[in-house]
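Student: Sharing final.txt, compact mmCIF, C-alpha atoms:
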# COMPACT_ATOMS: atom_id res chain seq x y z
CA MET R 93 36.23 -31.03 38.57
CA LEU R 94 38.64 -28.20 39.26
CA LYS R 95 41.20 -28.72 42.00
CA VAL R 96 40.86 -25.89 44.50
CA GLY R 97 42.75 -24.78 47.60
CA VAL R 98 41.82 -22.16 50.18
CA LEU R 99 44.20 -19.58 51.63
CA GLY R 100 42.98 -18.59 55.08
CA ALA R 101 40.96 -20.75 57.47
CA GLY R 102 39.37 -18.10 59.63
CA HIS R 103 35.61 -17.57 60.06
CA LEU R 104 34.85 -17.09 56.35
CA GLY R 105 37.61 -19.43 55.18
CA LYS R 106 36.00 -22.31 57.05
CA ILE R 107 32.69 -21.58 55.34
CA HIS R 108 34.42 -21.64 51.94
CA LEU R 109 36.14 -24.91 52.83
CA ARG R 110 32.87 -26.57 53.79
CA LEU R 111 31.05 -25.41 50.64
CA LEU R 112 33.90 -26.29 48.27
CA ASN R 113 34.11 -29.71 49.89
CA GLN R 114 30.44 -30.40 49.10
CA SER R 115 30.50 -28.82 45.61
CA SER R 116 30.22 -31.09 42.58
CA LYS R 117 32.30 -28.64 40.53
CA TYR R 118 35.42 -28.61 42.69
CA GLU R 119 37.77 -31.09 44.26
CA LEU R 120 38.95 -29.57 47.53
CA VAL R 121 42.66 -30.31 47.83
CA GLY R 122 43.30 -28.49 51.10
CA PHE R 123 44.12 -25.17 52.71
CA PHE R 124 46.89 -23.03 54.15
CA ASP R 125 46.64 -20.91 57.28
CA PRO R 126 49.62 -19.01 58.72
CA SER R 127 48.57 -19.86 62.28
CA LYS R 128 49.96 -23.34 62.96
CA GLU R 129 47.59 -23.74 65.90
CA ASN R 130 44.51 -22.84 63.84
CA ALA R 131 45.66 -24.96 60.88
CA GLU R 132 46.08 -28.03 63.09
CA LYS R 133 42.71 -27.41 64.73
CA VAL R 134 40.84 -27.08 61.40
CA ALA R 135 42.61 -30.10 59.90
CA ALA R 136 41.81 -32.24 62.95
CA GLU R 137 38.19 -31.09 63.22
CA PHE R 138 37.17 -31.30 59.56
CA GLY R 139 39.75 -33.58 57.98
CA TYR R 140 40.94 -31.08 55.36
CA LYS R 141 44.58 -31.31 54.32
CA SER R 142 46.74 -28.51 55.74
CA PHE R 143 49.63 -27.35 53.56
CA LYS R 144 52.86 -26.13 55.13
CA THR R 145 53.36 -23.19 52.75
CA ILE R 146 51.32 -21.05 50.35
CA SER R 147 53.57 -22.18 47.49
CA ASP R 148 52.91 -25.87 48.23
CA LEU R 149 49.15 -25.32 48.08
CA ILE R 150 49.30 -23.21 44.90
CA ALA R 151 51.36 -25.90 43.16
CA ALA R 152 48.72 -28.55 43.93
CA VAL R 153 45.60 -26.79 42.56
CA ASP R 154 43.94 -25.20 39.52
CA VAL R 155 42.07 -22.53 41.49
CA VAL R 156 43.22 -20.56 44.54
CA ASP R 157 40.46 -19.23 46.82
CA ILE R 158 41.92 -16.30 48.75
CA VAL R 159 40.06 -15.72 52.03
CA THR R 160 42.88 -14.04 53.94
CA PRO R 161 42.88 -10.57 55.55
CA THR R 162 42.70 -7.85 52.88
CA LEU R 163 46.29 -6.72 53.51
CA SER R 164 47.61 -10.04 52.16
CA HIS R 165 45.29 -10.37 49.13
CA TYR R 166 47.79 -8.79 46.77
CA ASP R 167 50.78 -10.99 47.63
CA CYS R 168 48.64 -14.16 47.55
CA ALA R 169 47.06 -13.21 44.23
CA VAL R 170 50.37 -12.32 42.57
CA GLU R 171 51.97 -15.62 43.58
CA ALA R 172 48.94 -17.62 42.42
CA VAL R 173 48.58 -15.82 39.08
CA LYS R 174 52.29 -16.09 38.28
CA ALA R 175 51.93 -19.83 38.83
CA GLY R 176 49.15 -19.82 36.21
CA LYS R 177 46.31 -20.42 38.66
CA HIS R 178 42.80 -18.91 38.55
CA ILE R 179 41.97 -16.79 41.59
CA PHE R 180 38.84 -16.14 43.64
CA LEU R 181 39.43 -13.14 45.92
CA GLU R 182 37.21 -12.24 48.85
CA LYS R 183 36.10 -8.61 48.88
CA PRO R 184 37.57 -6.07 48.85
CA ILE R 185 39.78 -7.24 45.98
CA SER R 186 42.90 -5.75 47.57
CA ASN R 187 44.16 -3.10 49.94
CA THR R 188 44.72 -0.41 47.28
CA VAL R 189 43.44 0.40 43.81
CA GLU R 190 47.01 0.24 42.48
CA GLU R 191 47.39 -3.31 43.77
CA ALA R 192 44.05 -4.29 42.24
CA GLU R 193 45.04 -2.84 38.86
CA HIS R 194 48.29 -4.81 38.94
CA ILE R 195 46.35 -8.01 39.70
CA ILE R 196 44.17 -7.32 36.62
CA ALA R 197 47.25 -6.75 34.44
CA LEU R 198 48.91 -9.95 35.68
CA ALA R 199 45.73 -12.01 35.16
CA LYS R 200 45.64 -10.86 31.52
CA GLU R 201 49.35 -11.55 31.07
CA TYR R 202 49.11 -15.09 32.46
CA HIS R 203 45.69 -15.82 30.86
CA VAL R 204 43.94 -16.73 34.07
CA LYS R 205 40.48 -15.81 35.32
CA GLY R 206 39.61 -13.97 38.51
CA GLN R 207 36.45 -13.28 40.46
CA VAL R 208 35.82 -11.07 43.49
CA GLY R 209 33.57 -12.19 46.34
CA HIS R 210 30.86 -9.53 46.22
CA VAL R 211 28.34 -12.04 47.50
CA GLU R 212 25.24 -9.81 47.44
CA ARG R 213 25.17 -10.14 43.64
CA PHE R 214 24.19 -13.75 44.33
CA ASN R 215 21.65 -12.94 47.03
CA PRO R 216 18.40 -14.58 45.83
CA ALA R 217 16.35 -11.40 46.44
CA PHE R 218 18.72 -9.29 44.32
CA LYS R 219 18.94 -11.98 41.61
CA ALA R 220 15.14 -12.07 41.44
CA VAL R 221 14.81 -8.36 40.58
CA LYS R 222 18.09 -7.46 38.89
CA ASP R 223 16.62 -7.83 35.39
CA LYS R 224 13.72 -5.54 36.38
CA ILE R 225 16.01 -2.66 37.39
CA HIS R 226 16.21 -0.39 34.34
CA ASN R 227 17.79 3.05 34.46
CA PRO R 228 17.11 3.79 38.15
CA MET R 229 17.28 7.49 38.98
CA PHE R 230 17.34 7.31 42.77
CA ILE R 231 18.73 4.52 44.94
CA GLU R 232 18.74 4.31 48.72
CA THR R 233 20.54 1.63 50.73
CA HIS R 234 20.93 0.88 54.42
CA ARG R 235 23.44 -1.70 55.64
CA LEU R 236 23.44 -1.68 59.43
CA ALA R 237 25.14 -4.24 61.63
CA GLU R 238 25.49 -4.90 65.33
CA PHE R 239 29.01 -4.38 66.60
CA ASN R 240 31.48 -7.17 65.88
CA PRO R 241 35.23 -6.70 66.53
CA ARG R 242 35.95 -8.71 63.38
CA GLY R 243 36.46 -6.28 60.49
CA THR R 244 37.08 -3.14 62.55
CA ASP R 245 40.65 -2.94 61.24
CA VAL R 246 39.23 -1.18 58.18
CA PRO R 247 36.67 1.65 57.78
CA VAL R 248 33.01 0.60 57.58
CA VAL R 249 33.09 1.63 53.90
CA LEU R 250 35.48 -1.22 53.06
CA ASP R 251 33.87 -3.62 55.53
CA LEU R 252 30.16 -3.16 54.75
CA MET R 253 29.32 -0.33 52.35
CA ILE R 254 31.41 -1.80 49.52
CA HIS R 255 28.72 -4.51 49.10
CA ASP R 256 26.16 -1.85 48.18
CA ILE R 257 28.64 0.11 46.07
CA ASP R 258 29.24 -2.99 43.94
CA ALA R 259 25.52 -3.79 43.61
CA ILE R 260 24.75 -0.18 42.61
CA LEU R 261 27.54 -0.08 40.04
CA SER R 262 26.22 -3.31 38.53
CA VAL R 263 22.84 -1.71 37.70
CA VAL R 264 23.78 1.92 37.00
CA LYS R 265 25.53 1.94 33.65
CA SER R 266 27.03 5.41 33.95
CA PRO R 267 30.30 6.91 35.25
CA VAL R 268 30.36 8.46 38.72
CA LYS R 269 30.39 12.26 38.51
CA ASN R 270 30.42 13.42 42.12
CA ILE R 271 30.67 12.03 45.64
CA HIS R 272 29.77 13.70 48.93
CA ALA R 273 30.28 11.69 52.09
CA THR R 274 30.71 11.84 55.83
CA GLY R 275 31.96 9.26 58.31
CA THR R 276 32.33 9.07 62.07
CA ALA R 277 34.54 6.88 64.25
CA VAL R 278 32.63 5.94 67.39
CA ILE R 279 34.25 2.83 68.84
CA SER R 280 37.05 2.06 66.35
CA ASP R 281 40.01 4.05 65.08
CA SER R 282 38.33 4.29 61.66
CA PRO R 283 34.75 5.37 60.77
CA ASP R 284 32.02 3.08 62.12
CA ILE R 285 29.14 5.02 60.51
CA ALA R 286 29.20 6.47 57.01
CA ASN R 287 26.84 8.06 54.54
CA ALA R 288 27.62 8.79 50.92
CA ARG R 289 25.77 10.53 48.12
CA ILE R 290 26.99 9.19 44.79
CA GLU R 291 25.98 11.20 41.72
CA PHE R 292 26.24 9.64 38.27
CA GLU R 293 26.65 11.39 34.93
CA ASN R 294 23.23 10.14 33.76
CA GLY R 295 21.52 11.93 36.66
CA CYS R 296 21.08 8.95 38.96
CA VAL R 297 21.74 9.59 42.65
CA ALA R 298 22.52 6.90 45.22
CA ASN R 299 22.25 7.62 48.95
CA VAL R 300 24.22 4.92 50.76
CA THR R 301 24.35 4.44 54.54
CA SER R 302 26.39 1.91 56.52
CA SER R 303 26.90 1.37 60.24
CA ARG R 304 28.55 -1.34 62.31
CA ILE R 305 27.35 -0.08 65.70
CA SER R 306 23.60 -0.42 65.23
CA MET R 307 21.12 -2.03 67.60
CA LYS R 308 19.86 -4.41 64.93
CA ASN R 309 20.98 -5.75 61.57
CA MET R 310 19.50 -4.35 58.37
CA ARG R 311 20.48 -4.81 54.71
CA LYS R 312 18.00 -3.07 52.43
CA ALA R 313 18.07 -1.33 49.07
CA ARG R 314 15.39 0.63 47.22
CA PHE R 315 15.51 1.48 43.54
CA PHE R 316 13.27 4.18 42.04
CA GLN R 317 12.83 4.38 38.28
CA LYS R 318 10.20 5.60 35.84
CA ASP R 319 6.95 3.74 36.55
CA ALA R 320 8.52 1.37 39.09
CA TYR R 321 9.70 1.07 42.68
CA ILE R 322 11.82 -1.95 43.59
CA SER R 323 12.89 -2.94 47.09
CA VAL R 324 15.37 -5.62 48.11
CA ASP R 325 15.82 -7.00 51.60
CA TYR R 326 19.14 -8.83 51.43
CA LEU R 327 18.86 -10.05 55.01
CA ASP R 328 15.37 -11.60 54.89
CA LYS R 329 15.78 -12.44 51.17
CA ILE R 330 12.54 -10.84 50.05
CA CYS R 331 11.82 -8.32 47.31
CA GLU R 332 8.96 -6.18 46.09
CA VAL R 333 8.28 -4.63 42.71
CA VAL R 334 5.59 -1.94 42.50
CA LYS R 335 4.75 -0.76 38.98
CA MET R 336 2.44 1.75 37.31
CA LYS R 337 0.58 1.54 34.04
CA ASP R 338 -2.21 3.45 32.34
CA ALA R 339 -5.47 2.86 34.16
CA PRO R 340 -8.14 0.79 32.39
CA GLU R 341 -11.24 2.55 31.07
CA VAL R 342 -13.34 0.75 33.64
CA PRO R 343 -11.28 -0.03 36.75
CA GLY R 344 -12.06 -3.14 38.77
CA ASP R 345 -13.35 -2.87 42.31
CA PHE R 346 -9.93 -3.70 43.77
CA ASP R 347 -7.72 -1.79 41.30
CA LEU R 348 -5.43 0.83 42.87
CA ILE R 349 -5.84 4.00 40.80
CA LEU R 350 -3.94 7.28 41.16
CA GLN R 351 -4.91 10.51 39.39
CA ASN R 352 -2.52 13.45 39.05
CA ALA R 353 -3.38 17.16 38.82
CA GLU R 354 -3.70 16.92 35.04
CA GLY R 355 -6.29 14.18 35.35
CA VAL R 356 -4.02 11.37 34.11
CA LYS R 357 -4.94 8.09 35.77
CA LYS R 358 -2.43 5.37 36.54
CA GLN R 359 -2.96 1.92 37.97
CA ILE R 360 -0.60 0.59 40.64
CA TYR R 361 0.11 -3.13 40.56
CA PHE R 362 2.54 -5.56 42.13
CA ASP R 363 4.91 -7.61 40.00
CA ASN R 364 6.74 -9.58 42.66
CA PRO R 365 9.02 -12.27 41.24
CA SER R 366 9.54 -15.54 43.06
CA VAL R 367 12.73 -15.73 45.12
CA GLU R 368 14.57 -19.00 44.71
CA ASN R 369 16.41 -19.98 47.86
CA ASN R 370 20.12 -20.58 47.39
CA ASN R 371 23.46 -20.48 49.16
CA ALA R 372 24.96 -17.27 47.78
CA ILE R 373 28.57 -18.17 48.65
CA LEU R 374 28.27 -21.58 47.01
CA ASP R 375 26.66 -19.90 43.99
CA GLU R 376 29.48 -17.41 43.52
CA LEU R 377 32.11 -20.15 43.82
CA GLU R 378 30.33 -22.48 41.40
CA THR R 379 29.61 -19.79 38.80
CA PHE R 380 33.34 -19.07 38.85
CA ALA R 381 33.98 -22.74 38.07
CA ASP R 382 31.53 -22.43 35.16
CA ALA R 383 33.35 -19.34 33.87
CA ILE R 384 36.66 -21.23 33.93
CA ASN R 385 35.30 -24.41 32.33
CA ASN R 386 33.28 -22.57 29.66
CA ASN R 387 35.83 -19.78 29.12
CA THR R 388 33.23 -17.09 29.86
CA THR R 389 33.40 -13.85 31.84
CA PRO R 390 32.95 -14.26 35.62
CA ILE R 391 29.86 -12.56 37.07
CA VAL R 392 31.92 -10.29 39.35
CA THR R 393 35.12 -9.54 37.44
CA LEU R 394 38.41 -8.27 38.82
CA GLU R 395 37.55 -4.98 37.09
CA ASP R 396 34.20 -4.85 38.95
CA GLY R 397 35.97 -5.41 42.26
CA THR R 398 38.52 -2.72 41.43
CA GLU R 399 35.87 -0.15 40.49
CA ALA R 400 33.97 -0.80 43.75
CA LEU R 401 37.24 -0.31 45.65
CA ARG R 402 37.99 2.90 43.71
CA ILE R 403 34.61 4.40 44.62
CA ALA R 404 34.99 3.22 48.24
CA TYR R 405 38.29 5.08 48.56
CA LYS R 406 36.79 8.22 46.98
CA ILE R 407 34.14 8.07 49.69
CA ILE R 408 36.79 7.62 52.40
CA ASP R 409 38.76 10.56 50.93
CA CYS R 410 35.72 12.79 51.61
CA PHE R 411 35.97 12.12 55.35
CA GLY R 412 39.08 14.24 55.71
CA LYS R 413 37.58 17.26 53.98
Write the structure described by the file as structure tokens, please.

Tutor:
Amino acid sequence: MLKVGVLGAGHLGKIHLRLLNQSSKYELVGFFDPSKENAEKVAAEFGYKSFKTISDLIAAVDVVDIVTPTLSHYDCAVEAVKAGKHIFLEKPISNTVEEAEHIIALAKEYHVKGQVGHVERFNPAFKAVKDKIHNPMFIETHRLAEFNPRGTDVPVVLDLMIHDIDAILSVVKSPVKNIHATGTAVISDSPDIANARIEFENGCVANVTSSRISMKNMRKARFFQKDAYISVDYLDKICEVVKMKDAPEVPGDFDLILQNAEGVKKQIYFDNPSVENNNAILDELETFADAINNNTTPIVTLEDGTEALRIAYKIIDCFGK
């Protein structure tokens, strides 16, 4: 079992603490939170050990789980890596691309592993269809959330849209060629609604929409590729795969047949995989333990997190144009 400590005991930090405490792959040593009042409250309520300083916690563990506000990710990661500790960083990886690139360089120098908390990669609906997504040419995503003051210190692109950016980059194996985007601040000082059109060199286009002032929550993605349409509902954890194949000579009574202008007949059929229920946050933490123990590449690498951040900032840069 890997000894792990958590930096940050806010809303998400407490979730990480609970899951790490019940994991068979980690031994939860304790946590650090800069708010003495919150640290004492969490320690008293759950019985986790509260460390007085970040350095004390880092010295006591093998893995540092960084669930602090994004502005402090870099400093926490640098201190942990220089102490030779593996790091799990909540998304976004850091506040700037330059910081993220320095974290990557340090991790290589000190021979430690890092993973970024892009949790939708572990969503059971996405996991169920990921291997069926081949060379998509059009992608459409909607990530809409009811207003929550938590997270409004950053643009909606870094708060919500970055989840979809990472998922898209994981299935489109082509460099980004062009980005067009618009964003509007409605209730915050930074954009609350954003839409981006991401064009890839291989011709794929992704139309990505995020809002944090919607009337209801929605987290959906649709992937269109030759002979297949794949939809993922991250929120309800369901997926659908609609495929086409050459129609049989003698169709059955219930076969869905389409015929184009040239007379070519195609049969539509459903190839829906089973969705295995899981706890996505626990999954991402435990697969990181596996990567450390087996010396394999983490599922969401520091490089993946950095590329998602790079594209997010290119989208944000469009807002001022």

Student: Pull the neighbourhood of (21.6, -10.0, 51.1) for me: all residues within 12 Å in file coordinates, counting all atoms listed in the file, as a VMD selection string.

Tutor: chain R and resid 210 to 220 233 to 236 252 255 to 256 259 309 to 313 323 to 331 369 to 373

Student: Hey, which of R:Glu190, R:Asp258, R:Glu293, R:Asp284 ends up closest to Asp396 in chain R? Count only C-alpha atoms.

Tutor: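 The answer is R:Asp258, which sits nearest to Asp396 in chain R.
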
Student: Select from range 247-269 of chain R every residue with an atom at most 10 Å from any atom of range 397-404 of chain R, then for each give the shortest pair of atoms and their distance in Å to one decimal, using all atoms listed in the file, rows by chain and rising number, as a tab-separated table.

Tutor:
residue	atom	partner	partner_atom	distance
R:Pro247	CA	R:Ala404	CA	9.8
R:Val248	CA	R:Ala404	CA	9.9
R:Val249	CA	R:Ala404	CA	6.2
R:Leu250	CA	R:Ala404	CA	6.6
R:Met253	CA	R:Ala404	CA	7.9
R:Ile254	CA	R:Ala404	CA	6.3
R:His255	CA	R:Ala400	CA	8.4
R:Asp256	CA	R:Ala400	CA	9.0
R:Ile257	CA	R:Ala400	CA	5.9
R:Asp258	CA	R:Ala400	CA	5.2
R:Ala259	CA	R:Ala400	CA	9.0
R:Ile260	CA	R:Ala400	CA	9.3
R:Leu261	CA	R:Ala400	CA	7.5
R:Ser262	CA	R:Ala400	CA	9.7
R:Val268	CA	R:Ile403	CA	8.3

Student: Find the spatial neighbours of Val392 in chain R, counting all atoms listed in the file, within a cut-off of 9 Å - ignore same-chain residues fewer than 6 positions away - and output them as a list in words.

Tutor: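 My list of contacting residues is Gly206, Gln207, Val208, Gly209, His210, Arg213, Glu376 and Phe380 of chain R.
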
Student: Which residue gives the smallest distance to Ala298 in chain R among R:Ala286, R:Met229, R:Ile322, R:Leu181, with only C-alpha atoms counted?

Tutor: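 Under the stated criterion, the closest residue is R:Met229.
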
Student: Mind checking which residues fall within 12 Å of Asp338 in chain R, counting only C-alpha atoms, ignoring those fewer than 2 positions away in the same chain, and posting them as a list in words?

Tutor: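 Near Asp338 in chain R, the qualifying residues are Asp319, Lys335, Met336, Pro340, Glu341, Val342, Pro343, Asp347, Leu348, Ile349, Leu350, Gln351, Gly355, Val356, Lys357, Lys358, Gln359, Ile360 and Tyr361 of chain R.
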
Student: To one decimal place in Å, what is the distance between CA of Lys177 in chain R and CA of Val246 in chain R?

Tutor: 28.3 Å

Student: Any idea what's packed within 12 Å of Ser127 in chain R, counting all atoms listed in the file, ignoring anything in its chain fewer than 5 positions away? Could you give it as a ChimeraX atom specification?

Tutor: /R:99-102,132-134,142-145,160

Student: Can you tell me how far CA of Pro228 in chain R sits from CA of Lys406 in chain R, in Å to one decimal?

Tutor: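 For CA of Pro228 in chain R relative to CA of Lys406 in chain R, the distance reads 22.0 Å.
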
Student: Please determine, counting all atoms listed in the file, which residue among R:Ile185, R:Val173, R:Phe124, R:Ala135 has the shortest atom-to-atom distance to Leu149 in chain R.

Tutor: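 For Leu149 in chain R, the nearest of the candidates is R:Phe124.
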
Student: What would the list of residues within 12 Å of (40.4, -28.8, 47.6) (file frame) look like as a VMD selection string, if all atoms listed in the file are what count?

Tutor: chain R and resid 93 to 99 108 to 124 139 to 143 149 to 150 152 to 157

Student: Enter the distance from CA of Thr393 in chain R to CA of Ala381 in chain R, in Å, rounded to one decimal.

Tutor: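 Distance between the two atoms: 13.3 Å.
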
Student: With all atoms listed in the file as the atoms that count, which of R:Glu332, R:His203, R:Gln317, R:Thr274 lies nearest to Ile384 in chain R?

Tutor: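 Closest candidate: R:His203.
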
Student: Using only C-alpha atoms, which of the listed residues (R:Asp167, R:Asp409, R:Leu104, R:Phe138) sits closest to His272 in chain R?

Tutor: R:Asp409
